[in-house]
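S.K.: Okay, so here is upload-v9.pdb, and as you'll see once you scroll down, it has PDB, C-alpha atoms and all ligand atoms.
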ATOM      1  CA  MET A  28     -42.081  10.537  61.358
ATOM      2  CA  LEU A  29     -42.477  13.377  58.914
ATOM      3  CA  TYR A  30     -45.824  15.108  59.096
ATOM      4  CA  GLU A  31     -46.986  16.675  55.907
ATOM      5  CA  ASN A  32     -47.685  20.128  57.240
ATOM      6  CA  GLU A  33     -44.731  20.295  59.564
ATOM      7  CA  SER A  34     -42.647  23.364  58.795
ATOM      8  CA  PHE A  35     -39.394  24.413  60.323
ATOM      9  CA  GLN A  36     -38.341  27.969  61.053
ATOM     10  CA  LEU A  37     -34.586  27.728  60.860
ATOM     11  CA  ASN A  38     -32.459  30.340  62.579
ATOM     12  CA  PRO A  39     -29.911  31.618  60.031
ATOM     13  CA  GLU A  40     -27.631  32.678  62.918
ATOM     14  CA  LYS A  41     -27.425  29.115  64.208
ATOM     15  CA  MET A  42     -26.826  27.163  61.023
ATOM     16  CA  PRO A  43     -24.268  24.372  61.405
ATOM     17  CA  LYS A  44     -21.190  24.856  59.247
ATOM     18  CA  HIS A  45     -20.671  21.134  58.759
ATOM     19  CA  VAL A  46     -23.202  18.317  58.527
ATOM     20  CA  ALA A  47     -22.164  14.666  58.143
ATOM     21  CA  ILE A  48     -24.537  11.988  56.851
ATOM     22  CA  ILE A  49     -24.534   8.197  57.026
ATOM     23  CA  MET A  50     -26.656   7.435  53.972
ATOM     24  CA  ASP A  51     -28.321   4.175  54.998
ATOM     25  CA  GLY A  52     -31.278   2.179  53.682
ATOM     26  CA  ASN A  53     -30.661   1.913  49.930
ATOM     27  CA  GLY A  54     -30.955  -1.879  50.005
ATOM     28  CA  ARG A  55     -34.209  -1.885  51.983
ATOM     29  CA  TRP A  56     -35.674   0.807  49.729
ATOM     30  CA  ALA A  57     -35.024  -1.427  46.688
ATOM     31  CA  THR A  58     -36.212  -4.658  48.351
ATOM     32  CA  LYS A  59     -39.499  -2.996  49.370
ATOM     33  CA  ARG A  60     -40.087  -2.281  45.676
ATOM     34  CA  GLY A  61     -39.048  -5.743  44.468
ATOM     35  CA  LEU A  62     -35.970  -4.212  42.813
ATOM     36  CA  PRO A  63     -32.317  -5.356  42.911
ATOM     37  CA  ARG A  64     -30.154  -3.660  45.569
ATOM     38  CA  LYS A  65     -28.231  -1.768  42.917
ATOM     39  CA  ALA A  66     -31.431   0.097  42.023
ATOM     40  CA  GLY A  67     -31.438   1.328  45.625
ATOM     41  CA  HIS A  68     -27.888   2.621  45.292
ATOM     42  CA  LYS A  69     -28.798   4.409  42.054
ATOM     43  CA  ALA A  70     -31.744   6.067  43.799
ATOM     44  CA  GLY A  71     -29.345   6.829  46.674
ATOM     45  CA  ALA A  72     -26.973   8.656  44.350
ATOM     46  CA  GLU A  73     -29.924  10.720  43.055
ATOM     47  CA  ALA A  74     -30.867  11.548  46.648
ATOM     48  CA  LEU A  75     -27.290  12.659  47.271
ATOM     49  CA  GLU A  76     -27.467  15.063  44.364
ATOM     50  CA  ARG A  77     -30.711  16.559  45.757
ATOM     51  CA  ILE A  78     -29.229  16.907  49.223
ATOM     52  CA  ILE A  79     -26.023  18.540  47.953
ATOM     53  CA  TYR A  80     -28.106  21.321  46.373
ATOM     54  CA  ALA A  81     -30.404  21.542  49.400
ATOM     55  CA  ALA A  82     -27.394  21.882  51.714
ATOM     56  CA  LYS A  83     -25.947  24.602  49.503
ATOM     57  CA  GLU A  84     -29.249  26.505  49.488
ATOM     58  CA  LEU A  85     -29.327  26.307  53.279
ATOM     59  CA  GLY A  86     -25.848  27.825  53.422
ATOM     60  CA  LEU A  87     -23.885  24.887  54.837
ATOM     61  CA  GLU A  88     -20.127  25.137  54.256
ATOM     62  CA  HIS A  89     -19.278  21.431  54.483
ATOM     63  CA  LEU A  90     -21.260  18.259  53.808
ATOM     64  CA  THR A  91     -19.562  14.907  54.456
ATOM     65  CA  VAL A  92     -21.235  11.732  53.209
ATOM     66  CA  TYR A  93     -20.389   8.094  53.878
ATOM     67  CA  ALA A  94     -20.499   6.487  50.421
ATOM     68  CA  PHE A  95     -18.319   3.379  50.865
ATOM     69  CA  SER A  96     -16.776   2.079  54.072
ATOM     70  CA  THR A  97     -13.720  -0.091  54.633
ATOM     71  CA  GLU A  98     -16.238  -2.788  55.674
ATOM     72  CA  ASN A  99     -18.358  -2.509  52.508
ATOM     73  CA  TRP A 100     -15.868  -4.686  50.559
ATOM     74  CA  LYS A 101     -17.453  -7.655  52.368
ATOM     75  CA  ARG A 102     -20.638  -7.293  50.312
ATOM     76  CA  SER A 103     -21.157  -9.497  47.244
ATOM     77  CA  ALA A 104     -18.840  -8.845  44.310
ATOM     78  CA  GLU A 105     -21.920  -7.933  42.275
ATOM     79  CA  GLU A 106     -23.025  -5.243  44.743
ATOM     80  CA  VAL A 107     -19.503  -3.825  45.232
ATOM     81  CA  GLY A 108     -19.160  -3.692  41.430
ATOM     82  CA  ALA A 109     -22.488  -1.871  41.072
ATOM     83  CA  ILE A 110     -21.530   0.752  43.692
ATOM     84  CA  MET A 111     -18.100   1.242  42.063
ATOM     85  CA  ASP A 112     -19.704   1.662  38.613
ATOM     86  CA  LEU A 113     -22.037   4.256  40.056
ATOM     87  CA  LEU A 114     -19.127   6.110  41.632
ATOM     88  CA  ARG A 115     -17.225   5.953  38.386
ATOM     89  CA  PHE A 116     -20.175   7.427  36.536
ATOM     90  CA  TYR A 117     -20.708  10.223  39.044
ATOM     91  CA  LEU A 118     -17.003  11.048  39.393
ATOM     92  CA  LYS A 119     -16.462  11.224  35.652
ATOM     93  CA  ASN A 120     -19.703  12.938  34.658
ATOM     94  CA  TYR A 121     -21.937  14.304  37.352
ATOM     95  CA  PHE A 122     -19.423  15.776  39.762
ATOM     96  CA  LYS A 123     -18.418  18.290  37.048
ATOM     97  CA  LYS A 124     -21.920  19.701  37.239
ATOM     98  CA  PHE A 125     -21.449  20.329  40.960
ATOM     99  CA  VAL A 126     -18.123  22.044  40.238
ATOM    100  CA  LYS A 127     -19.847  24.339  37.698
ATOM    101  CA  ASP A 128     -22.176  25.291  40.527
ATOM    102  CA  ASN A 129     -19.188  26.442  42.627
ATOM    103  CA  ILE A 130     -19.002  23.279  44.769
ATOM    104  CA  ARG A 131     -15.643  21.882  45.818
ATOM    105  CA  MET A 132     -15.384  18.083  45.754
ATOM    106  CA  HIS A 133     -13.045  16.306  48.160
ATOM    107  CA  VAL A 134     -12.614  12.601  48.846
ATOM    108  CA  ILE A 135     -11.632  11.178  52.231
ATOM    109  CA  GLY A 136     -10.566   7.589  52.845
ATOM    110  CA  GLU A 137      -7.790   5.249  51.773
ATOM    111  CA  LYS A 138      -7.781   5.698  47.994
ATOM    112  CA  SER A 139      -5.056   3.220  47.049
ATOM    113  CA  ARG A 140      -7.447   0.240  47.204
ATOM    114  CA  LEU A 141      -9.766   1.808  44.617
ATOM    115  CA  ASP A 142      -9.349   0.995  40.910
ATOM    116  CA  THR A 143      -6.765   3.233  39.246
ATOM    117  CA  ASP A 144      -9.272   4.900  36.914
ATOM    118  CA  ILE A 145     -11.354   5.852  39.955
ATOM    119  CA  GLN A 146      -8.253   7.237  41.713
ATOM    120  CA  LYS A 147      -7.446   9.265  38.613
ATOM    121  CA  ALA A 148     -11.007  10.606  38.354
ATOM    122  CA  ILE A 149     -10.831  11.627  42.044
ATOM    123  CA  ALA A 150      -7.550  13.506  41.506
ATOM    124  CA  GLU A 151      -9.016  15.267  38.456
ATOM    125  CA  ILE A 152     -12.203  16.410  40.126
ATOM    126  CA  GLU A 153     -10.330  17.544  43.249
ATOM    127  CA  ASP A 154      -7.937  19.591  41.109
ATOM    128  CA  LEU A 155     -10.730  21.033  39.013
ATOM    129  CA  SER A 156     -12.701  22.167  42.053
ATOM    130  CA  ARG A 157      -9.908  23.231  44.416
ATOM    131  CA  GLU A 158     -10.752  26.955  44.186
ATOM    132  CA  LYS A 159     -14.528  26.581  44.474
ATOM    133  CA  ASN A 160     -15.964  28.144  47.583
ATOM    134  CA  GLY A 161     -19.746  27.703  47.446
ATOM    135  CA  MET A 162     -19.655  24.621  49.668
ATOM    136  CA  THR A 163     -17.350  21.609  50.038
ATOM    137  CA  VAL A 164     -18.683  18.072  49.653
ATOM    138  CA  HIS A 165     -16.437  15.464  51.254
ATOM    139  CA  VAL A 166     -17.201  11.984  49.912
ATOM    140  CA  ALA A 167     -15.956   9.138  52.123
ATOM    141  CA  LEU A 168     -14.706   6.282  49.928
ATOM    142  CA  ASN A 169     -13.022   3.197  51.338
ATOM    143  CA  TYR A 170     -13.229   5.167  54.558
ATOM    144  CA  GLY A 171     -13.078   3.878  58.135
ATOM    145  CA  GLY A 172     -12.580   6.085  61.197
ATOM    146  CA  ARG A 173     -10.145   3.615  62.759
ATOM    147  CA  ASP A 174      -8.222   3.265  59.518
ATOM    148  CA  GLU A 175      -8.014   7.067  59.245
ATOM    149  CA  LEU A 176      -6.631   7.243  62.813
ATOM    150  CA  ARG A 177      -4.186   4.423  62.060
ATOM    151  CA  ARG A 178      -2.900   6.321  59.009
ATOM    152  CA  ALA A 179      -2.627   9.539  61.065
ATOM    153  CA  VAL A 180      -0.641   7.720  63.770
ATOM    154  CA  THR A 181       1.734   6.322  61.134
ATOM    155  CA  LYS A 182       2.235   9.822  59.705
ATOM    156  CA  ILE A 183       2.959  11.325  63.147
ATOM    157  CA  ALA A 184       5.215   8.402  64.175
ATOM    158  CA  ARG A 185       7.232   8.905  61.008
ATOM    159  CA  GLU A 186       7.704  12.608  61.799
ATOM    160  CA  THR A 187       8.848  11.815  65.344
ATOM    161  CA  ALA A 188      11.196   9.065  64.087
ATOM    162  CA  ASP A 189      12.673  11.552  61.597
ATOM    163  CA  GLY A 190      13.249  14.011  64.450
ATOM    164  CA  MET A 191      10.824  16.562  62.941
ATOM    165  CA  LEU A 192       8.441  16.389  65.888
ATOM    166  CA  SER A 193       9.021  15.796  69.574
ATOM    167  CA  PRO A 194       6.590  13.241  71.130
ATOM    168  CA  ASP A 195       5.889  15.781  73.895
ATOM    169  CA  ALA A 196       4.836  18.362  71.327
ATOM    170  CA  ILE A 197       1.937  16.224  70.028
ATOM    171  CA  THR A 198      -1.345  18.043  70.669
ATOM    172  CA  GLU A 199      -4.941  17.353  69.701
ATOM    173  CA  ASP A 200      -4.366  19.698  66.750
ATOM    174  CA  THR A 201      -1.415  17.534  65.603
ATOM    175  CA  ILE A 202      -3.846  14.625  65.357
ATOM    176  CA  SER A 203      -6.666  16.641  63.709
ATOM    177  CA  ASP A 204      -4.174  17.942  61.157
ATOM    178  CA  ALA A 205      -2.993  14.416  60.294
ATOM    179  CA  LEU A 206      -6.531  13.200  59.492
ATOM    180  CA  ASP A 207      -8.127  13.190  56.039
ATOM    181  CA  THR A 208     -10.393  15.996  57.269
ATOM    182  CA  ALA A 209      -7.489  18.339  58.132
ATOM    183  CA  GLY A 210      -8.579  21.967  57.849
ATOM    184  CA  THR A 211     -12.303  21.154  57.992
ATOM    185  CA  PRO A 212     -14.252  22.116  61.138
ATOM    186  CA  ASP A 213     -15.727  19.152  63.035
ATOM    187  CA  PRO A 214     -19.363  18.385  62.135
ATOM    188  CA  GLU A 215     -21.812  19.990  64.533
ATOM    189  CA  LEU A 216     -24.516  17.599  63.319
ATOM    190  CA  MET A 217     -24.379  13.932  62.318
ATOM    191  CA  ILE A 218     -27.409  12.401  60.590
ATOM    192  CA  ARG A 219     -28.058   8.705  60.011
ATOM    193  CA  THR A 220     -31.018   7.605  57.938
ATOM    194  CA  SER A 221     -33.094   4.405  57.900
ATOM    195  CA  GLY A 222     -33.744   4.111  61.635
ATOM    196  CA  GLU A 223     -30.373   2.573  62.522
ATOM    197  CA  GLU A 224     -28.661   4.233  65.476
ATOM    198  CA  ARG A 225     -24.971   3.388  65.146
ATOM    199  CA  ILE A 226     -21.821   5.231  64.095
ATOM    200  CA  SER A 227     -20.365   2.357  62.044
ATOM    201  CA  ASN A 228     -16.775   3.640  62.152
ATOM    202  CA  PHE A 229     -17.574   7.067  60.658
ATOM    203  CA  LEU A 230     -15.542  10.163  61.669
ATOM    204  CA  LEU A 231     -14.678   8.752  65.103
ATOM    205  CA  TRP A 232     -12.345  11.589  66.149
ATOM    206  CA  GLN A 233     -14.357  14.406  64.588
ATOM    207  CA  ILE A 234     -17.731  13.655  66.254
ATOM    208  CA  ALA A 235     -16.531  14.232  69.830
ATOM    209  CA  TYR A 236     -19.100  17.052  70.315
ATOM    210  CA  SER A 237     -21.524  16.441  67.443
ATOM    211  CA  GLU A 238     -25.273  16.313  67.914
ATOM    212  CA  PHE A 239     -26.930  13.209  66.461
ATOM    213  CA  PHE A 240     -30.125  13.021  64.474
ATOM    214  CA  PHE A 241     -31.537   9.639  63.539
ATOM    215  CA  SER A 242     -34.130   9.694  60.780
ATOM    216  CA  ASP A 243     -36.466   6.794  59.977
ATOM    217  CA  THR A 244     -36.469   7.801  56.310
ATOM    218  CA  LEU A 245     -34.623   5.439  53.971
ATOM    219  CA  TRP A 246     -31.813   7.344  52.235
ATOM    220  CA  PRO A 247     -33.317   7.358  48.692
ATOM    221  CA  ASP A 248     -36.387   9.120  50.159
ATOM    222  CA  PHE A 249     -34.401  11.680  52.155
ATOM    223  CA  ASP A 250     -35.208  15.208  50.997
ATOM    224  CA  LYS A 251     -34.653  18.879  51.775
ATOM    225  CA  LYS A 252     -37.528  18.947  54.254
ATOM    226  CA  GLU A 253     -36.037  16.094  56.264
ATOM    227  CA  LEU A 254     -32.647  17.845  56.220
ATOM    228  CA  GLU A 255     -34.355  20.981  57.521
ATOM    229  CA  ARG A 256     -36.034  18.921  60.234
ATOM    230  CA  ALA A 257     -32.634  17.587  61.338
ATOM    231  CA  ILE A 258     -31.163  21.101  61.440
ATOM    232  CA  TYR A 259     -34.224  22.372  63.328
ATOM    233  CA  TYR A 260     -33.695  19.765  66.051
ATOM    234  CA  TYR A 261     -30.000  20.627  66.145
ATOM    235  CA  GLN A 262     -30.780  24.331  66.571
ATOM    236  CA  ASN A 263     -33.135  23.642  69.416
ATOM    237  CA  ARG A 264     -30.765  21.534  71.453
ATOM    238  CA  GLU A 265     -28.313  22.990  73.928
ATOM    239  CA  ARG A 266     -24.694  22.375  73.058
ATOM    240  CA  ARG A 267     -22.569  22.495  76.174
ATOM    241  CA  PHE A 268     -19.256  20.900  75.138
ATOM    242  CA  GLY A 269     -19.025  19.277  78.570
ATOM    243  CA  GLY A 270     -19.341  22.645  80.324
ATOM    244  CA  ARG A 271     -22.131  23.942  82.551
ATOM    245  CA  LEU A 272     -24.809  26.313  81.387
ATOM    246  CA  LYS A 273     -24.261  29.820  82.763
TER     247      LYS A 273
HETATM  248  C1  LIG B 301     -26.122   2.063  52.643
HETATM  249  O1  LIG B 301     -27.322   1.433  52.314
HETATM  250  C2  LIG B 301     -25.514   2.621  51.463
HETATM  251  C3  LIG B 301     -24.294   2.281  50.968
HETATM  252  C4  LIG B 301     -23.389   1.315  51.581
HETATM  253  C5  LIG B 301     -23.810   2.881  49.712
HETATM  254  C6  LIG B 301     -24.066   4.346  49.647
HETATM  255  C7  LIG B 301     -23.920   4.773  48.282
HETATM  256  C8  LIG B 301     -24.662   5.716  47.708
HETATM  257  C9  LIG B 301     -25.708   6.513  48.359
HETATM  258  C10 LIG B 301     -24.349   6.063  46.347
HETATM  259  C11 LIG B 301     -23.221   7.002  46.417
HETATM  260  C12 LIG B 301     -23.005   7.537  45.145
HETATM  261  C13 LIG B 301     -22.133   8.498  44.901
HETATM  262  C14 LIG B 301     -22.099   8.993  43.544
HETATM  263  C15 LIG B 301     -21.196   9.063  45.905
HETATM  264  P1  LIG B 301     -27.424  -0.138  52.480
HETATM  265  O2  LIG B 301     -27.069  -0.757  51.192
HETATM  266  O3  LIG B 301     -26.596  -0.561  53.643
HETATM  267  O4  LIG B 301     -28.928  -0.302  52.785
HETATM  268  P2  LIG B 301     -29.620  -1.423  53.685
HETATM  269  O5  LIG B 301     -29.101  -1.222  55.089
HETATM  270  O6  LIG B 301     -31.067  -1.115  53.548
HETATM  271  O7  LIG B 301     -29.245  -2.761  53.107
END
What does this structure look like when you write it as structure tokens?
Ligand code: FPP
M.R.:
Amino acid sequence: MLYENESFQLNPEKMPKHVAIIMDGNGRWATKRGLPRKAGHKAGAEALERIIYAAKELGLEHLTVYAFSTENWKRSAEEVGAIMDLLRFYLKNYFKKFVKDNIRMHVIGEKSRLDTDIQKAIAEIEDLSREKNGMTVHVALNYGGRDELRRAVTKIARETADGMLSPDAITEDTISDALDTAGTPDPELMIRTSGEERISNFLLWQIAYSEFFFSDTLWPDFDKKELERAIYYYQNRERRFGGRLK
């Protein structure tokens, strides 16, 4: 519940470097207003734009958002088409605006199942923004945590079969480095909106020590204040990484 006069004193010393978000509730937001589900996704994309700038203002280094999962293909062809059109529009137009504002755009997930024009737009925006260092936004598209691990295992198995890597030399870092998120610190905070409390196959390896924040707000209504609330709760929890407090 967000109270109108609630305000959060965030500690700049304890800001998370990486926040991941499961943007849930677009459909319910639209249904509540008597609108088609695609209107919810459009409002969801607008919320994402707001949150990207809010995260940058708060000084986050990485923001990872779950935009389309490997399971989302099971939705109606009409809804999948509407989400893909929205992605197309944002990738080809809007993401350039983020790049102008010094934001690096990076896509995680299995891209080969996406339409070729979408794949091309992803490659272009990633190239265009490679040197930007204001903040990195990782957009998960056709992403599944298990599928990412499966692809990492294939990559590592190939290296061992080729004699480039000994099976005994495989460390946790070998696995982290074979994931789509290679080089990105694990998220300290994972947020899911809309009151659902599940991980739904998102970043399974990377969330080993993440704090979780479940917000009742439907994603299209999520705003900077709610992001601050999530970070406030994160800052006031003790992170022990399985160890004991001294
Ligand atoms: C979950 O809400 C949302 C999605 C599956 C799609 C998320 C997509 C966006 C926020 C747009 C992304 C746009 C860009 C440009 C990256 P839901 O449909 O599952 O909602 P429900 O649970 O209320 O039905």
S.K.: Please write out, as JSON, where the centre of an axis-aligned box around all listed atoms of ligand LIG 301 (chain B) lies and how long its edges are, in Å to one decimal, after adding 4 Å on each side.
M.R.:
{"center_x": -26.1, "center_y": 3.2, "center_z": 49.3, "size_x": 17.9, "size_y": 19.8, "size_z": 19.5}
S.K.: So which residues get picked by the PyMOL selection byres (((not hetatm)) within 6 of (chain B and resi 301)) here, written as an MDAnalysis selection string?
M.R.: chainID A and resid 50:55 68 71:72 94:95 113:114 117
S.K.: Go through A:Ile48, A:Ile135, A:Ile152, A:Leu231 one by one, measure the shortest atom-to-atom distance of each to Leu216 in chain A using all atoms listed in the file, and give the residue with the smallest value.
M.R.: A:Ile48
S.K.: Kindly assemble as a tab-separated table a list of the range 143-209 of chain A residues that lie within 7 Å of range 123-133 of chain A, each paired with its nearest atom pair and their distance in Å to one decimal, using all atoms listed in the file, sorted first by chain and then by ascending residue number.
M.R.:
residue	atom	partner	partner_atom	distance
A:Ile152	CA	A:Met132	CA	6.7
A:Glu153	CA	A:Met132	CA	5.7
A:Ser156	CA	A:Arg131	CA	4.8
A:Arg157	CA	A:Arg131	CA	6.1
A:Lys159	CA	A:Arg131	CA	5.0
A:Asn160	CA	A:Asn129	CA	6.2
A:Gly161	CA	A:Asn129	CA	5.0
A:Met162	CA	A:Ile130	CA	5.1
A:Thr163	CA	A:Arg131	CA	4.6
A:Val164	CA	A:Met132	CA	5.1
A:His165	CA	A:His133	CA	4.7
A:Val166	CA	A:His133	CA	6.2
S.K.: Can you spit out the residues from that selection as a compact mmCIF listing (two decimals), keeping the file's coordinate frame, using C-alpha atoms?
M.R.:
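Final file, result-v3.txt:
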# COMPACT_ATOMS: atom_id res chain seq x y z
CA ILE A 152 -12.20 16.41 40.13
CA GLU A 153 -10.33 17.54 43.25
CA SER A 156 -12.70 22.17 42.05
CA ARG A 157 -9.91 23.23 44.42
CA LYS A 159 -14.53 26.58 44.47
CA ASN A 160 -15.96 28.14 47.58
CA GLY A 161 -19.75 27.70 47.45
CA MET A 162 -19.66 24.62 49.67
CA THR A 163 -17.35 21.61 50.04
CA VAL A 164 -18.68 18.07 49.65
CA HIS A 165 -16.44 15.46 51.25
CA VAL A 166 -17.20 11.98 49.91
S.K.: Considering all atoms listed in the file, can you say which of A:Tyr261, A:Phe122, A:Phe116, A:Phe241 comes closest to Ser221 in chain A?
M.R.: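 Nearest candidate to Ser221 in chain A out of A:Tyr261, A:Phe122, A:Phe116, A:Phe241: A:Phe241.
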S.K.: May I ask for the distance between CA of Gln233 in chain A and CA of Met217 in chain A, given in Å to one decimal place?
M.R.: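 We find that CA of Gln233 in chain A and CA of Met217 in chain A lie 10.3 Å from each other.
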S.K.: May I have the residues within 7 Å of Lys251 in chain A as a PyMOL selection string, using all atoms listed in the file and disregarding those fewer than 4 positions away in the same chain?
M.R.: chain A and resi 78+81+255
S.K.: So, with only C-alpha atoms as the atoms that count, which of A:Leu75, A:Leu155, A:Ala47, A:Val107 lies closest to Phe229 in chain A?
M.R.: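 Closest to Phe229 in chain A, using only C-alpha atoms: A:Ala47.
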S.K.: Can you list, as an mmCIF file with C-alpha atoms, keeping the file's coordinate frame, the residues that the PyMOL selection byres (((chain A and resi 33-42) around 12) and not hetatm) selects here?
M.R.:
data_model
loop_
_atom_site.group_PDB
_atom_site.id
_atom_site.type_symbol
_atom_site.label_atom_id
_atom_site.label_comp_id
_atom_site.auth_asym_id
_atom_site.auth_seq_id
_atom_site.Cartn_x
_atom_site.Cartn_y
_atom_site.Cartn_z
ATOM 1 C CA MET A 28 -42.081 10.537 61.358
ATOM 2 C CA LEU A 29 -42.477 13.377 58.914
ATOM 3 C CA TYR A 30 -45.824 15.108 59.096
ATOM 4 C CA GLU A 31 -46.986 16.675 55.907
ATOM 5 C CA ASN A 32 -47.685 20.128 57.240
ATOM 6 C CA PRO A 43 -24.268 24.372 61.405
ATOM 7 C CA LYS A 44 -21.190 24.856 59.247
ATOM 8 C CA HIS A 45 -20.671 21.134 58.759
ATOM 9 C CA VAL A 46 -23.202 18.317 58.527
ATOM 10 C CA ALA A 82 -27.394 21.882 51.714
ATOM 11 C CA LYS A 83 -25.947 24.602 49.503
ATOM 12 C CA GLU A 84 -29.249 26.505 49.488
ATOM 13 C CA LEU A 85 -29.327 26.307 53.279
ATOM 14 C CA GLY A 86 -25.848 27.825 53.422
ATOM 15 C CA LEU A 87 -23.885 24.887 54.837
ATOM 16 C CA GLU A 88 -20.127 25.137 54.256
ATOM 17 C CA HIS A 89 -19.278 21.431 54.483
ATOM 18 C CA PRO A 214 -19.363 18.385 62.135
ATOM 19 C CA GLU A 215 -21.812 19.990 64.533
ATOM 20 C CA LEU A 216 -24.516 17.599 63.319
ATOM 21 C CA LYS A 251 -34.653 18.879 51.775
ATOM 22 C CA LYS A 252 -37.528 18.947 54.254
ATOM 23 C CA GLU A 253 -36.037 16.094 56.264
ATOM 24 C CA LEU A 254 -32.647 17.845 56.220
ATOM 25 C CA GLU A 255 -34.355 20.981 57.521
ATOM 26 C CA ARG A 256 -36.034 18.921 60.234
ATOM 27 C CA ALA A 257 -32.634 17.587 61.338
ATOM 28 C CA ILE A 258 -31.163 21.101 61.440
ATOM 29 C CA TYR A 259 -34.224 22.372 63.328
ATOM 30 C CA TYR A 260 -33.695 19.765 66.051
ATOM 31 C CA TYR A 261 -30.000 20.627 66.145
ATOM 32 C CA GLN A 262 -30.780 24.331 66.571
ATOM 33 C CA ASN A 263 -33.135 23.642 69.416
ATOM 34 C CA ARG A 264 -30.765 21.534 71.453
ATOM 35 C CA GLU A 265 -28.313 22.990 73.928
ATOM 36 C CA ARG A 266 -24.694 22.375 73.058
#
S.K.: Between A:Asn228, A:Ser193, A:Thr198, A:Asn120, which one has atoms that come closest to Gly171 in chain A, using all atoms listed in the file?
M.R.: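 Checking each candidate against Gly171 in chain A, we get A:Asn228 as the closest.
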S.K.: Exactly which residues make up the result of the PyMOL selection byres (((chain A and resi 137-148) around 7) and not hetatm) on this file, given as a list of chain:residue names?
M.R.: A:Arg115, A:Leu118, A:Lys119, A:Gly136, A:Ile149, A:Ala150, A:Glu151, A:Ile152, A:Asn169, A:Tyr170
S.K.: Could you state the separation of CA of Trp246 in chain A and CA of Leu90 in chain A in Å, given to one decimal place?
M.R.: 15.3 Å
S.K.: So that I can see what lies close to range 200-207 of chain A, please list as a list of chain:residue names the residues with an atom at most 9 Å from it, counting all atoms listed in the file and leaving out residues fewer than 3 positions away in the same chain.
M.R.: A:Val134, A:Ile135, A:Gly136, A:Glu175, A:Leu176, A:Arg178, A:Ala179, A:Val180, A:Lys182, A:Ile183, A:Ala196, A:Ile197, A:Gly210, A:Trp232, A:Gln233
S.K.: How many Å separate CA of Thr91 in chain A from CA of Ala167 in chain A?
M.R.: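 One can read the CA of Thr91 in chain A to CA of Ala167 in chain A distance as 7.2 Å.
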S.K.: As an mmCIF file, keeping the file's coordinate frame, please: range 243-256 of chain A completed to N, CA and C atoms.
M.R.:
data_model
loop_
_atom_site.group_PDB
_atom_site.id
_atom_site.type_symbol
_atom_site.label_atom_id
_atom_site.label_comp_id
_atom_site.auth_asym_id
_atom_site.auth_seq_id
_atom_site.Cartn_x
_atom_site.Cartn_y
_atom_site.Cartn_z
ATOM 1 N N ASP A 243 -35.928 8.088 60.423
ATOM 2 C CA ASP A 243 -36.466 6.794 59.977
ATOM 3 C C ASP A 243 -36.527 6.687 58.452
ATOM 4 N N THR A 244 -36.368 7.793 57.780
ATOM 5 C CA THR A 244 -36.469 7.801 56.310
ATOM 6 C C THR A 244 -35.334 6.992 55.685
ATOM 7 N N LEU A 245 -35.669 6.169 54.705
ATOM 8 C CA LEU A 245 -34.623 5.439 53.971
ATOM 9 C C LEU A 245 -33.900 6.449 53.063
ATOM 10 N N TRP A 246 -32.589 6.301 52.916
ATOM 11 C CA TRP A 246 -31.813 7.344 52.235
ATOM 12 C C TRP A 246 -32.386 7.785 50.878
ATOM 13 N N PRO A 247 -32.829 6.869 49.986
ATOM 14 C CA PRO A 247 -33.317 7.358 48.692
ATOM 15 C C PRO A 247 -34.528 8.290 48.822
ATOM 16 N N ASP A 248 -35.222 8.246 49.968
ATOM 17 C CA ASP A 248 -36.387 9.120 50.159
ATOM 18 C C ASP A 248 -36.036 10.398 50.921
ATOM 19 N N PHE A 249 -34.799 10.522 51.344
ATOM 20 C CA PHE A 249 -34.401 11.680 52.155
ATOM 21 C C PHE A 249 -34.471 12.935 51.281
ATOM 22 N N ASP A 250 -35.061 13.998 51.817
ATOM 23 C CA ASP A 250 -35.208 15.208 50.997
ATOM 24 C C ASP A 250 -34.875 16.457 51.805
ATOM 25 N N LYS A 251 -35.039 17.610 51.140
ATOM 26 C CA LYS A 251 -34.653 18.879 51.775
ATOM 27 C C LYS A 251 -35.432 19.095 53.079
ATOM 28 N N LYS A 252 -36.713 18.711 53.058
ATOM 29 C CA LYS A 252 -37.528 18.947 54.254
ATOM 30 C C LYS A 252 -36.996 18.152 55.447
ATOM 31 N N GLU A 253 -36.566 16.932 55.178
ATOM 32 C CA GLU A 253 -36.037 16.094 56.264
ATOM 33 C C GLU A 253 -34.684 16.637 56.753
ATOM 34 N N LEU A 254 -33.910 17.204 55.828
ATOM 35 C CA LEU A 254 -32.647 17.845 56.220
ATOM 36 C C LEU A 254 -32.953 19.060 57.104
ATOM 37 N N GLU A 255 -33.970 19.811 56.717
ATOM 38 C CA GLU A 255 -34.355 20.981 57.521
ATOM 39 C C GLU A 255 -34.830 20.532 58.908
ATOM 40 N N ARG A 256 -35.546 19.433 58.939
ATOM 41 C CA ARG A 256 -36.034 18.921 60.234
ATOM 42 C C ARG A 256 -34.854 18.583 61.147
#
